[in-house]
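Asker: Contents of final-v3.pdb (PDB, C-alpha atoms) are below:
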ATOM      1  CA  MET A   1     -36.891  36.256  34.033
ATOM      2  CA  SER A   2     -40.043  37.666  35.560
ATOM      3  CA  ASP A   3     -40.074  39.620  38.838
ATOM      4  CA  THR A   4     -42.300  36.981  40.455
ATOM      5  CA  HIS A   5     -39.758  34.276  39.618
ATOM      6  CA  ALA A   6     -36.895  36.353  41.064
ATOM      7  CA  PHE A   7     -38.940  36.970  44.225
ATOM      8  CA  ASP A   8     -39.595  33.237  44.625
ATOM      9  CA  LEU A   9     -35.889  32.491  44.407
ATOM     10  CA  LYS A  10     -35.166  35.115  47.063
ATOM     11  CA  LYS A  11     -37.632  33.316  49.306
ATOM     12  CA  HIS A  12     -35.850  30.026  48.559
ATOM     13  CA  VAL A  13     -32.458  31.482  49.447
ATOM     14  CA  ARG A  14     -33.824  32.861  52.723
ATOM     15  CA  ALA A  15     -35.155  29.369  53.539
ATOM     16  CA  TYR A  16     -31.745  27.795  52.738
ATOM     17  CA  ILE A  17     -29.987  30.166  55.115
ATOM     18  CA  LEU A  18     -32.546  29.479  57.866
ATOM     19  CA  VAL A  19     -32.127  25.713  57.399
ATOM     20  CA  PHE A  20     -28.325  26.104  57.453
ATOM     21  CA  VAL A  21     -28.463  27.978  60.786
ATOM     22  CA  SER A  22     -30.879  25.378  62.229
ATOM     23  CA  LEU A  23     -28.584  22.522  61.148
ATOM     24  CA  MET A  24     -25.579  24.200  62.781
ATOM     25  CA  VAL A  25     -27.477  24.791  66.039
ATOM     26  CA  LEU A  26     -28.772  21.202  66.089
ATOM     27  CA  THR A  27     -25.227  19.896  65.477
ATOM     28  CA  LEU A  28     -23.987  21.837  68.506
ATOM     29  CA  VAL A  29     -26.965  20.605  70.565
ATOM     30  CA  THR A  30     -26.321  16.959  69.695
ATOM     31  CA  VAL A  31     -22.624  17.288  70.664
ATOM     32  CA  ALA A  32     -23.519  19.171  73.879
ATOM     33  CA  VAL A  33     -26.100  16.526  74.889
ATOM     34  CA  SER A  34     -23.541  13.747  74.377
ATOM     35  CA  ARG A  35     -21.380  15.398  77.075
ATOM     36  CA  PHE A  36     -24.091  14.840  79.704
ATOM     37  CA  HIS A  37     -23.521  11.061  79.480
ATOM     38  CA  LEU A  38     -27.218  10.209  79.671
ATOM     39  CA  PRO A  39     -28.278   6.567  80.150
ATOM     40  CA  VAL A  40     -27.801   4.666  76.846
ATOM     41  CA  HIS A  41     -31.506   4.453  75.923
ATOM     42  CA  GLN A  42     -32.075   8.180  76.508
ATOM     43  CA  ALA A  43     -28.862   9.121  74.704
ATOM     44  CA  ILE A  44     -29.855   7.025  71.664
ATOM     45  CA  THR A  45     -33.381   8.508  71.625
ATOM     46  CA  VAL A  46     -32.176  12.125  71.835
ATOM     47  CA  ALA A  47     -29.349  11.679  69.297
ATOM     48  CA  LEU A  48     -31.587   9.926  66.740
ATOM     49  CA  LEU A  49     -34.400  12.428  67.269
ATOM     50  CA  ILE A  50     -32.054  15.340  66.531
ATOM     51  CA  ALA A  51     -30.540  13.475  63.552
ATOM     52  CA  THR A  52     -34.044  12.793  62.196
ATOM     53  CA  ILE A  53     -34.975  16.481  62.463
ATOM     54  CA  LYS A  54     -31.726  17.460  60.709
ATOM     55  CA  GLY A  55     -32.221  14.829  58.021
ATOM     56  CA  SER A  56     -35.799  15.958  57.441
ATOM     57  CA  LEU A  57     -34.657  19.580  57.030
ATOM     58  CA  VAL A  58     -32.080  18.525  54.418
ATOM     59  CA  ALA A  59     -34.580  16.323  52.560
ATOM     60  CA  CYS A  60     -37.466  18.820  52.669
ATOM     61  CA  TYR A  61     -35.597  22.047  51.832
ATOM     62  CA  PHE A  62     -32.244  21.269  50.184
ATOM     63  CA  MET A  63     -33.674  18.306  48.239
ATOM     64  CA  HIS A  64     -36.995  20.129  47.739
ATOM     65  CA  LEU A  65     -39.090  17.148  48.860
ATOM     66  CA  ILE A  66     -41.552  19.594  50.426
ATOM     67  CA  SER A  67     -42.626  20.784  46.973
ATOM     68  CA  GLU A  68     -41.863  17.626  44.976
ATOM     69  CA  LYS A  69     -44.244  15.709  42.713
ATOM     70  CA  LYS A  70     -46.435  12.962  44.226
ATOM     71  CA  LEU A  71     -44.669  10.147  42.344
ATOM     72  CA  ILE A  72     -41.366  10.919  44.079
ATOM     73  CA  LEU A  73     -43.074  11.241  47.451
ATOM     74  CA  TRP A  74     -44.640   7.798  46.961
ATOM     75  CA  VAL A  75     -41.304   6.266  45.920
ATOM     76  CA  MET A  76     -39.606   7.726  49.010
ATOM     77  CA  ALA A  77     -42.470   6.727  51.327
ATOM     78  CA  LEU A  78     -42.105   3.145  50.097
ATOM     79  CA  THR A  79     -38.342   3.386  50.631
ATOM     80  CA  VAL A  80     -38.831   4.610  54.205
ATOM     81  CA  ILE A  81     -41.140   1.636  54.909
ATOM     82  CA  PHE A  82     -38.590  -0.850  53.538
ATOM     83  CA  PHE A  83     -35.821   0.930  55.465
ATOM     84  CA  ALA A  84     -37.822   0.675  58.700
ATOM     85  CA  VAL A  85     -38.416  -3.058  58.115
ATOM     86  CA  LEU A  86     -34.701  -3.523  57.447
ATOM     87  CA  LEU A  87     -33.839  -1.939  60.808
ATOM     88  CA  TRP A  88     -36.651  -3.743  62.603
ATOM     89  CA  ILE A  89     -35.416  -7.226  61.557
ATOM     90  CA  PRO A  90     -32.213  -7.259  63.705
ATOM     91  CA  MET A  91     -34.074  -5.698  66.655
ATOM     92  CA  ALA A  92     -36.818  -8.324  66.406
ATOM     93  CA  THR A  93     -34.217 -11.060  66.191
ATOM     94  CA  VAL A  94     -32.724  -9.943  69.495
ATOM     95  CA  ALA A  95     -36.123  -9.390  71.151
ATOM     96  CA  ASP A  96     -37.011 -12.943  70.131
ATOM     97  CA  ARG A  97     -34.132 -14.299  72.210
ATOM     98  CA  ILE A  98     -34.991 -12.403  75.388
ATOM     99  CA  GLY A  99     -35.884 -14.846  78.151
ATOM    100  CA  HIS A 100     -34.222 -17.834  76.434
TER     101      HIS A 100
ATOM    102  CA  MET B 101     -29.630  10.069  19.029
ATOM    103  CA  GLU B 102     -30.938  12.597  21.496
ATOM    104  CA  ILE B 103     -31.946  11.402  24.953
ATOM    105  CA  PRO B 104     -35.672  12.110  25.422
ATOM    106  CA  TYR B 105     -37.247  13.911  28.389
ATOM    107  CA  THR B 106     -34.080  15.532  29.762
ATOM    108  CA  VAL B 107     -35.907  18.871  29.977
ATOM    109  CA  GLU B 108     -39.478  18.358  28.875
ATOM    110  CA  ILE B 109     -41.888  16.590  31.214
ATOM    111  CA  ARG B 110     -42.787  12.957  30.563
ATOM    112  CA  PRO B 111     -46.594  12.770  30.431
ATOM    113  CA  ASP B 112     -46.838   9.530  32.453
ATOM    114  CA  THR B 113     -44.525  10.507  35.345
ATOM    115  CA  GLY B 114     -45.025  14.282  35.337
ATOM    116  CA  LEU B 115     -41.237  14.638  35.688
ATOM    117  CA  ASN B 116     -38.158  14.753  33.496
ATOM    118  CA  SER B 117     -36.435  11.362  33.328
ATOM    119  CA  GLY B 118     -33.223  12.528  35.026
ATOM    120  CA  LYS B 119     -35.158  13.538  38.129
ATOM    121  CA  ILE B 120     -37.051  10.255  38.513
ATOM    122  CA  GLY B 121     -33.826   8.358  37.732
ATOM    123  CA  ILE B 122     -31.787  10.037  40.472
ATOM    124  CA  TRP B 123     -34.556   9.554  43.057
ATOM    125  CA  LEU B 124     -34.824   5.833  42.240
ATOM    126  CA  PHE B 125     -31.038   5.581  42.541
ATOM    127  CA  LEU B 126     -31.194   7.346  45.921
ATOM    128  CA  ALA B 127     -33.896   4.903  47.036
ATOM    129  CA  SER B 128     -31.463   2.048  46.298
ATOM    130  CA  GLU B 129     -28.742   3.937  48.196
ATOM    131  CA  VAL B 130     -31.025   4.211  51.246
ATOM    132  CA  MET B 131     -31.272   0.414  51.235
ATOM    133  CA  LEU B 132     -27.486   0.022  50.802
ATOM    134  CA  PHE B 133     -26.739   2.168  53.858
ATOM    135  CA  GLY B 134     -29.820   0.690  55.560
ATOM    136  CA  ALA B 135     -28.210  -2.757  55.361
ATOM    137  CA  LEU B 136     -25.119  -1.395  57.108
ATOM    138  CA  PHE B 137     -27.175   0.374  59.791
ATOM    139  CA  ALA B 138     -29.055  -2.910  60.360
ATOM    140  CA  THR B 139     -25.692  -4.681  60.654
ATOM    141  CA  TYR B 140     -24.573  -2.066  63.193
ATOM    142  CA  ILE B 141     -27.709  -2.667  65.307
ATOM    143  CA  LEU B 142     -27.283  -6.450  65.152
ATOM    144  CA  LEU B 143     -23.611  -6.230  66.147
ATOM    145  CA  ARG B 144     -24.229  -3.694  68.906
ATOM    146  CA  VAL B 145     -27.174  -5.352  70.619
ATOM    147  CA  GLY B 146     -25.472  -8.731  70.351
ATOM    148  CA  ALA B 147     -22.181  -7.525  71.852
ATOM    149  CA  VAL B 148     -21.300  -8.179  75.487
ATOM    150  CA  GLU B 149     -19.803  -4.686  75.677
ATOM    151  CA  TRP B 150     -19.635  -1.812  73.228
ATOM    152  CA  PRO B 151     -17.186   1.091  73.459
ATOM    153  CA  HIS B 152     -18.332   4.717  73.483
ATOM    154  CA  GLY B 153     -17.310   6.327  70.181
ATOM    155  CA  ALA B 154     -15.156   8.891  72.021
ATOM    156  CA  HIS B 155     -12.902   6.075  73.267
ATOM    157  CA  TYR B 156     -11.516   5.528  69.754
ATOM    158  CA  LEU B 157     -12.712   8.503  67.723
ATOM    159  CA  ASN B 158     -12.029  12.222  67.597
ATOM    160  CA  ILE B 159     -15.332  14.069  68.215
ATOM    161  CA  PRO B 160     -14.044  17.633  67.522
ATOM    162  CA  LEU B 161     -12.721  16.544  64.100
ATOM    163  CA  ALA B 162     -15.989  14.771  63.278
ATOM    164  CA  THR B 163     -17.965  17.850  64.400
ATOM    165  CA  LEU B 164     -15.802  19.964  62.101
ATOM    166  CA  ASN B 165     -16.540  17.554  59.248
ATOM    167  CA  THR B 166     -20.270  17.780  59.998
ATOM    168  CA  VAL B 167     -20.084  21.574  59.728
ATOM    169  CA  VAL B 168     -18.070  21.248  56.496
ATOM    170  CA  LEU B 169     -20.593  18.879  54.863
ATOM    171  CA  ILE B 170     -23.607  20.970  55.907
ATOM    172  CA  SER B 171     -21.874  24.063  54.483
ATOM    173  CA  SER B 172     -21.209  22.181  51.250
ATOM    174  CA  SER B 173     -24.919  21.349  50.993
ATOM    175  CA  VAL B 174     -25.752  25.060  51.229
ATOM    176  CA  THR B 175     -23.218  26.028  48.549
ATOM    177  CA  MET B 176     -24.541  23.185  46.355
ATOM    178  CA  VAL B 177     -28.130  24.392  46.548
ATOM    179  CA  MET B 178     -26.937  27.984  46.009
ATOM    180  CA  ALA B 179     -25.082  26.828  42.864
ATOM    181  CA  TRP B 180     -28.374  25.476  41.511
ATOM    182  CA  ALA B 181     -30.274  28.618  42.582
ATOM    183  CA  SER B 182     -27.646  30.742  40.770
ATOM    184  CA  LEU B 183     -28.365  28.910  37.527
ATOM    185  CA  LYS B 184     -32.083  29.492  38.074
ATOM    186  CA  ARG B 185     -31.201  33.191  38.349
ATOM    187  CA  ASP B 186     -29.234  32.902  35.102
ATOM    188  CA  ASP B 187     -26.035  33.833  36.950
ATOM    189  CA  PHE B 188     -23.369  31.463  35.629
ATOM    190  CA  GLY B 189     -20.511  33.287  37.400
ATOM    191  CA  LYS B 190     -22.067  32.734  40.821
ATOM    192  CA  PHE B 191     -22.788  29.091  39.911
ATOM    193  CA  ARG B 192     -19.065  28.597  39.227
ATOM    194  CA  MET B 193     -18.161  30.186  42.570
ATOM    195  CA  TYR B 194     -20.633  28.134  44.632
ATOM    196  CA  MET B 195     -19.802  24.899  42.805
ATOM    197  CA  ALA B 196     -16.063  25.460  43.384
ATOM    198  CA  ALA B 197     -16.856  26.014  47.086
ATOM    199  CA  THR B 198     -18.850  22.748  47.153
ATOM    200  CA  VAL B 199     -15.968  20.762  45.655
ATOM    201  CA  GLY B 200     -13.582  22.592  48.025
ATOM    202  CA  PHE B 201     -15.669  21.649  51.082
ATOM    203  CA  GLY B 202     -15.678  18.040  49.831
ATOM    204  CA  ALA B 203     -11.873  18.154  49.649
ATOM    205  CA  VAL B 204     -11.671  19.581  53.197
ATOM    206  CA  PHE B 205     -13.896  16.713  54.403
ATOM    207  CA  LEU B 206     -11.556  14.150  52.812
ATOM    208  CA  ILE B 207      -8.430  15.834  54.247
ATOM    209  CA  VAL B 208      -9.928  15.804  57.760
ATOM    210  CA  LYS B 209     -10.900  12.150  57.268
ATOM    211  CA  TYR B 210      -7.327  11.397  56.130
ATOM    212  CA  PHE B 211      -5.987  12.818  59.404
ATOM    213  CA  GLU B 212      -8.589  10.856  61.364
ATOM    214  CA  TYR B 213      -7.763   7.569  59.633
ATOM    215  CA  SER B 214      -4.001   8.221  59.926
ATOM    216  CA  ALA B 215      -4.319   8.738  63.684
ATOM    217  CA  LYS B 216      -6.228   5.459  64.015
ATOM    218  CA  PHE B 217      -3.627   3.506  62.028
ATOM    219  CA  HIS B 218      -0.832   5.185  63.989
ATOM    220  CA  HIS B 219      -2.391   3.938  67.241
ATOM    221  CA  GLY B 220      -2.726   0.447  65.806
ATOM    222  CA  TYR B 221      -6.508   0.653  65.321
ATOM    223  CA  PHE B 222      -7.535  -1.268  62.206
ATOM    224  CA  PRO B 223     -10.817  -2.812  60.989
ATOM    225  CA  LYS B 224      -9.553  -6.173  62.283
ATOM    226  CA  THR B 225      -8.923  -4.755  65.793
ATOM    227  CA  ASN B 226     -12.509  -5.156  66.999
ATOM    228  CA  THR B 227     -16.143  -5.161  65.845
ATOM    229  CA  PHE B 228     -16.674  -1.459  66.597
ATOM    230  CA  LEU B 229     -13.723  -0.409  64.428
ATOM    231  CA  ALA B 230     -14.761  -2.872  61.709
ATOM    232  CA  ILE B 231     -18.204  -1.282  61.346
ATOM    233  CA  TYR B 232     -16.732   2.228  61.785
ATOM    234  CA  PHE B 233     -14.270   1.783  58.910
ATOM    235  CA  THR B 234     -16.870   0.045  56.713
ATOM    236  CA  MET B 235     -19.543   2.727  57.126
ATOM    237  CA  THR B 236     -17.272   5.772  56.991
ATOM    238  CA  GLY B 237     -15.250   4.196  54.149
ATOM    239  CA  LEU B 238     -18.347   3.651  52.025
ATOM    240  CA  HIS B 239     -19.522   7.164  52.837
ATOM    241  CA  MET B 240     -16.108   8.539  51.830
ATOM    242  CA  LEU B 241     -16.370   6.773  48.459
ATOM    243  CA  HIS B 242     -19.697   8.555  47.969
ATOM    244  CA  VAL B 243     -18.085  11.903  48.799
ATOM    245  CA  MET B 244     -15.405  11.177  46.177
ATOM    246  CA  GLY B 245     -18.028  10.207  43.585
ATOM    247  CA  GLY B 246     -20.075  13.342  44.251
ATOM    248  CA  MET B 247     -16.957  15.517  44.044
ATOM    249  CA  ALA B 248     -15.998  13.967  40.696
ATOM    250  CA  VAL B 249     -19.430  14.733  39.193
ATOM    251  CA  ASN B 250     -19.512  18.251  40.667
ATOM    252  CA  ALA B 251     -15.990  18.966  39.410
ATOM    253  CA  TYR B 252     -17.048  17.779  35.937
ATOM    254  CA  LEU B 253     -20.104  20.062  36.007
ATOM    255  CA  TRP B 254     -17.909  22.972  37.164
ATOM    256  CA  GLY B 255     -15.369  22.289  34.391
ATOM    257  CA  PRO B 256     -15.850  20.523  31.049
ATOM    258  CA  GLY B 257     -19.502  19.646  31.678
ATOM    259  CA  ALA B 258     -20.404  23.343  31.938
ATOM    260  CA  LYS B 259     -20.161  23.611  28.133
ATOM    261  CA  LEU B 260     -23.768  22.421  28.050
ATOM    262  CA  TRP B 261     -24.849  25.739  29.630
ATOM    263  CA  ARG B 262     -24.059  27.503  26.347
ATOM    264  CA  SER B 263     -26.260  25.210  24.251
ATOM    265  CA  ASP B 264     -29.046  24.135  26.648
ATOM    266  CA  LYS B 265     -29.384  26.082  29.900
ATOM    267  CA  GLU B 266     -32.340  24.142  31.270
ATOM    268  CA  HIS B 267     -30.748  20.737  30.632
ATOM    269  CA  PHE B 268     -27.566  21.853  32.406
ATOM    270  CA  THR B 269     -29.573  23.245  35.346
ATOM    271  CA  ASN B 270     -31.362  19.879  35.651
ATOM    272  CA  ARG B 271     -28.006  18.073  35.694
ATOM    273  CA  VAL B 272     -26.787  20.321  38.506
ATOM    274  CA  GLU B 273     -30.032  19.715  40.421
ATOM    275  CA  ASN B 274     -29.628  15.940  40.093
ATOM    276  CA  SER B 275     -25.988  16.062  41.128
ATOM    277  CA  GLY B 276     -27.100  18.224  44.069
ATOM    278  CA  LEU B 277     -29.687  15.646  45.125
ATOM    279  CA  PHE B 278     -26.916  13.050  45.362
ATOM    280  CA  TRP B 279     -24.678  15.464  47.281
ATOM    281  CA  HIS B 280     -27.424  16.285  49.805
ATOM    282  CA  PHE B 281     -28.022  12.552  50.268
ATOM    283  CA  VAL B 282     -24.326  12.129  51.130
ATOM    284  CA  ASP B 283     -24.758  14.924  53.692
ATOM    285  CA  LEU B 284     -27.904  13.253  55.044
ATOM    286  CA  VAL B 285     -26.091   9.919  55.561
ATOM    287  CA  TRP B 286     -23.328  11.699  57.501
ATOM    288  CA  ILE B 287     -25.940  13.405  59.685
ATOM    289  CA  PHE B 288     -26.895   9.913  60.929
ATOM    290  CA  LEU B 289     -23.389   8.401  60.912
ATOM    291  CA  PHE B 290     -22.015  11.165  63.139
ATOM    292  CA  PRO B 291     -24.149  10.520  66.258
ATOM    293  CA  VAL B 292     -24.380   6.755  65.734
ATOM    294  CA  LEU B 293     -20.616   6.179  65.510
ATOM    295  CA  TYR B 294     -19.101   9.092  67.423
ATOM    296  CA  LEU B 295     -21.560  10.154  70.114
ATOM    297  CA  LEU B 296     -23.297   6.970  71.293
TER     298      LEU B 296
END
In structure tokens, how does this file's structure come out?
Answerer:
Amino acid sequence: MSDTHAFDLKKHVRAYILVFVSLMVLTLVTVAVSRFHLPVHQAITVALLIATIKGSLVACYFMHLISEKKLILWVMALTVIFFAVLLWIPMATVADRIGH
Amino acid sequence: MEIPYTVEIRPDTGLNSGKIGIWLFLASEVMLFGALFATYILLRVGAVEWPHGAHYLNIPLATLNTVVLISSSVTMVMAWASLKRDDFGKFRMYMAATVGFGAVFLIVKYFEYSAKFHHGYFPKTNTFLAIYFTMTGLHMLHVMGGMAVNAYLWGPGAKLWRSDKEHFTNRVENSGLFWHFVDLVWIFLFPVLYLL
């Protein structure tokens, strides 16, 4: 194994530890925020925002999406679009009934 | 017959076939859990009233399980990094820790479920508990599946390391991708079910 390769791995490990600490802090933040009993809309926004940041950290660093090949990025981008549509459908169904 | 492109790169995809296979599988898993999240939204916005998760669920235990799963993700990625460093001993240690964390998660979940049943809370009790048991139950099955594969790679499956190091490292990476996905799903389940 070359020295450059070993150095790269050291950098990776440092990134994993940083991500781990960030995930722990964000977990504590999300629990702490839930104790403030914010109005439902604000609580949902904050909780999902934190969860999205945590999820992105896992996907980008632990799953290496940040340095992954374009084909996989395209597949996952398409998946995210379909996922968003899937979540939008029930919300649109309810919005459609407002005022009736 | 030997399976092609387990290590070498396929010219048309630029990837080995295991890698593209696991990502396509994960894409289908996103849609599986997506359907349940969509169901949750439909049930919640359509309900006259919806309980706060803390009314039925144990937040400290779920927080502990979140910490356990995140820790298991770190040990999983360290297991893979150990193989990249050609350190099989460390791989064994980190992989054992990953399976161990998975077991801790299941034990905590067992206590959580037991407490619910003891208090007479079942999936049939109300809509909130129905979606709670469905989503966490499906997630638990994924934890079990991931643990089974990781335990195999720690034990009998590790024989491959002696004959084809790169192929074995790729298998561990793919198993890791699944394990991180399981962690990622929990990261969303935790606030949605317990904190909101």
Asker: Hey, what comes out of the ChimeraX specification (/A :<8) & /B on this file? Could you write it as a ChimeraX atom specification?
Answerer: /B:113-115,120,123-124,127,130-131,134-135,137-139,141-142,145-146,163,166-167,170-171,173-174,177-178,181,184-185,276-277,280-281,284,287-288,291-292,295-296
Asker: With all atoms listed in the file as the basis for distance, which of B:Asn250, B:Ala179, B:Arg144, B:Phe278 is at the shortest distance from Gly121 of chain B?
Answerer: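 Of B:Asn250, B:Ala179, B:Arg144, B:Phe278, the one nearest Gly121 of chain B is B:Phe278, counting all atoms listed in the file.
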Asker: Kindly resolve the PyMOL selection byres ((chain B and resi 197-209) around 10) on the present coordinates and return the residues as a ChimeraX atom specification.
Answerer: /B:161-162,164-179,191-196,210-215,236-237,240-241,243-244,246-251,254,276,279
Asker: Starting from the PyMOL selection byres ((chain B and resi 105) around 6), expand the selection into actual residues of this file and give them as a PyMOL selection string.
Answerer: chain B and resi 104+106-108+116-117
Asker: Smallest atom-to-atom distance to Ile231 of chain B: which of B:Leu293, B:Val285, B:Arg110, B:Ala147, using only C-alpha atoms?
Answerer: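 Closest to Ile231 of chain B of all the choices is B:Leu293.
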Asker: Expressed in Å to a single decimal, how great is the separation between atom CA of Ile122 of chain B and atom CA of Asn274 of chain B?
Answerer: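 For atom CA of Ile122 of chain B relative to atom CA of Asn274 of chain B, the distance reads 6.3 Å.
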Asker: Could you please determine the separation between atom CA of Tyr156 of chain B and atom CA of Tyr140 of chain B in Å, to one decimal place?
Answerer: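 Taking atom CA of Tyr156 of chain B and atom CA of Tyr140 of chain B, their separation equals 16.5 Å.
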Asker: Quick one: distance from atom CA of Glu273 of chain B to atom CA of Met235 of chain B in Å, one decimal?
Answerer: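 For atom CA of Glu273 of chain B relative to atom CA of Met235 of chain B, the distance reads 26.0 Å.
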